[in-house]
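Here's the structure we're looking at; comments come further down.
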Amino acid sequence: MTEDFNMLKKTDPKIAKLIEQEQKRHQDTVDLIASENYPSKSVREALGSIFVVKYAEGRPHKRYYGGQEYIDKLETLAEERALKAFKLDSQNWAVNVQPLSGAPANYEILRGLLDTSDKILCLHLPHGGHLSQGSKASLSGQDFTPVYYYLNKDGFLDYESIEELAVKEKPKLIIAGYTAYPRIIDFEKFGKIAKKVGAYLLTDTSHITGLIIGGVHPSPFPWTDVLMTTTHKTLRGPRGAMIICRKELEEKIFPKVFPGLQGGPHMHTIAALGVALGEALTPAFKKYARQIVKNAGISASELKKYGFDLVSGGTDNHLVLIDLRNKNITGKHAQELLEKAGIVTNKNTIPYDPGTPFDPSGIRLGTPAVTTRGMKEKEMKLIAGWINEVINNPGRAKEIRKKVEKLCSKFLIP
Ligand SMILES: Cc1ncc(COP(=O)(O)O)c(C=O)c1O
């Protein structure tokens, strides 16, 4: 990200300086946060475009204010690209690109499909679910009645026990798709379970949308009733979210987006999302998605060689969850230590974690951002080696930071 903030430097040097510092921080470190990515310059240009001005409450061709000629074309184009990316047709599926972010989008769906206090079946937060998927800390868990399923002791989804629980509890809605699950999700099995108990299936593919579109993770369609995805993770778009649902559910869900919870859609974000979806439809994106998974796979096998325990023993997707208990260090300490060495990660709970959410026993690593920078297997091996050195010899963090910076200087941020 090499924008020159010449105007900003003059008008607001303080903020311009913070932007430059953040830019340098990114350039000099490796971002292994599984939910972060570097959108292209084209995506960022659209994000900073004139579309930031417009109020466009409503839906394409059904707005409240004038001046919507290009807005309508833009939103329609973004919707068409979203359906194309998931290989869906507009006769059977409806798309809404207006949700401002993932958590409100999940809530909008729940409010659209359920009565408050209805039962939802969702993965327990410390096992890899997201707050907005029925956690008691979030409105999704306060306004509805969550029943949790758990990963098995090996760290895998256990479809038989999920089915048993669904049959016993008869939820109105089941959620599949997570924040910290390193394995393939069998959406077909979830679809069958939901059908058997008469529940809606909500698939939250926020983390893996880029992998699905890139052809390296199975699609939740046609099994799911509704998909929610954030747009800024593996999809590599602007921060935001979108919802795709069966056509017959459109009338229930979309009014909860607007006017239910939101006002004017962020049209500059929708412009940038349209650009990102256009990029995701290219062969280059497929190659990118494949490389994300390769990079995660090689990171996992290298870390295992160094004696790290991985939740589920490895990865099929873009993330690796390290169980640090055999290394005598907590997730919080490991995150801090690695950051000193220029390796940015996040502490994370592991299934059946004896620690707390503020000081859990794991760290989560992801490869979408470093893969965008052009890093491949060779660099993943180096980084895994450095992670091992820092965790085993905290005193070497400063020395390793120099190596990280040298590596980073060869991989510019787009
Ligand atoms: C699976 C999943 N759903 C929802 C969200 C919420 O997205 P946002 O942070 O955009 O509200 C996240 C964010 O990390 C997520 O991983």
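Letters for chains follow the order of the structure tokens (A, B, ...), residue numbers begin at 1 for each chain, and ligand numbers begin at 1 in the order shown.
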
Please report, as a Markdown table, each residue of segment 236-260 of chain A lying at most 7 Å from segment 82-103 of chain A, together with the nearest pair of atoms and the separation in Å rounded to one decimal; use only C-alpha atoms, and order rows by chain and ascending residue number.
```
| residue | atom | partner | partner_atom | distance |
| --- | --- | --- | --- | --- |
| A:Arg239 | CA | A:Ser101 | CA | 6.8 |
| A:Gly240 | CA | A:Ser101 | CA | 4.3 |
| A:Ala241 | CA | A:Ser101 | CA | 4.8 |
| A:Met242 | CA | A:Val97 | CA | 4.5 |
| A:Ile243 | CA | A:Asn96 | CA | 5.2 |
| A:Ile244 | CA | A:Val95 | CA | 4.4 |
| A:Cys245 | CA | A:Ala94 | CA | 5.4 |
| A:Arg246 | CA | A:Trp93 | CA | 4.7 |
| A:Lys247 | CA | A:Trp93 | CA | 4.6 |
| A:Glu250 | CA | A:Ala94 | CA | 6.3 |
| A:Val257 | CA | A:Pro99 | CA | 6.4 |
```

Give as a ChimeraX atom specification the residues surrounding ligand 1 up to a distance of 12 Å, considering only C-alpha atoms and all ligand atoms.
/A:33-36,99-108,122-123,125,128-135,138,140,175-181,202-209,227-234,237-243,319,346

What's the 12 Å shell around segment 380-386 of chain A, counting only C-alpha atoms, without same-chain residues fewer than 5 positions away, as a PyMOL selection string?
chain A and resi 29-32+291-308+320+322+337-344+365-367+370-371+374-375+391-394+396-408

Shell of 9 Å around Phe358 of chain A, only C-alpha atoms, local chain residues under 3 positions omitted, as a PyMOL selection string
chain A and resi 331-332+347-349+355

Could the residues in this selection be saved with N, CA and C atoms as a CSV table (one decimal), in the first residue's frame?
```csv
chain,number,residue,atom,x,y,z
A,331,GLY,N,-1.3,-18.6,25.1
A,331,GLY,CA,-1.5,-17.9,23.8
A,331,GLY,C,-1.2,-16.5,23.9
A,332,LYS,N,-1.5,-15.8,25.0
A,332,LYS,CA,-1.3,-14.4,25.1
A,332,LYS,C,0.2,-14.1,25.1
A,347,LYS,N,-4.0,-14.7,19.8
A,347,LYS,CA,-4.2,-15.7,20.7
A,347,LYS,C,-5.6,-16.3,20.5
A,348,ASN,N,-5.8,-17.5,20.8
A,348,ASN,CA,-7.1,-18.1,20.4
A,348,ASN,C,-7.4,-19.3,21.4
A,349,THR,N,-8.7,-19.4,21.7
A,349,THR,CA,-9.0,-20.6,22.5
A,349,THR,C,-8.8,-21.9,21.6
A,355,GLY,N,-7.6,-22.7,29.6
A,355,GLY,CA,-7.3,-21.3,29.9
A,355,GLY,C,-8.6,-20.4,29.8
```

As an NGL selection string, please: all residues of segment 120-334 of chain A that backbone DSSP puts in alpha helix (DSSP H).
:A and (139-142 or 159-169 or 187-197 or 209-213 or 250-255 or 267-280 or 283-305 or 331-334)

Could you check which of A:Pro218, A:Gly264, A:Pro283, A:Pro39 is closest to Ile184 of chain A, using only C-alpha atoms?
A:Pro218

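Shortest separation to Val390 of chain A among A:Asp186, A:Glu20, A:Glu377, A:Glu336 occurs at residue A:Glu336, atoms counted being only C-alpha atoms.
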
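Take the candidates A:Arg364, A:Lys153, A:Arg373, A:His333 and check each one against Thr345 of chain A using only C-alpha atoms; the shortest distance goes to A:Arg364.
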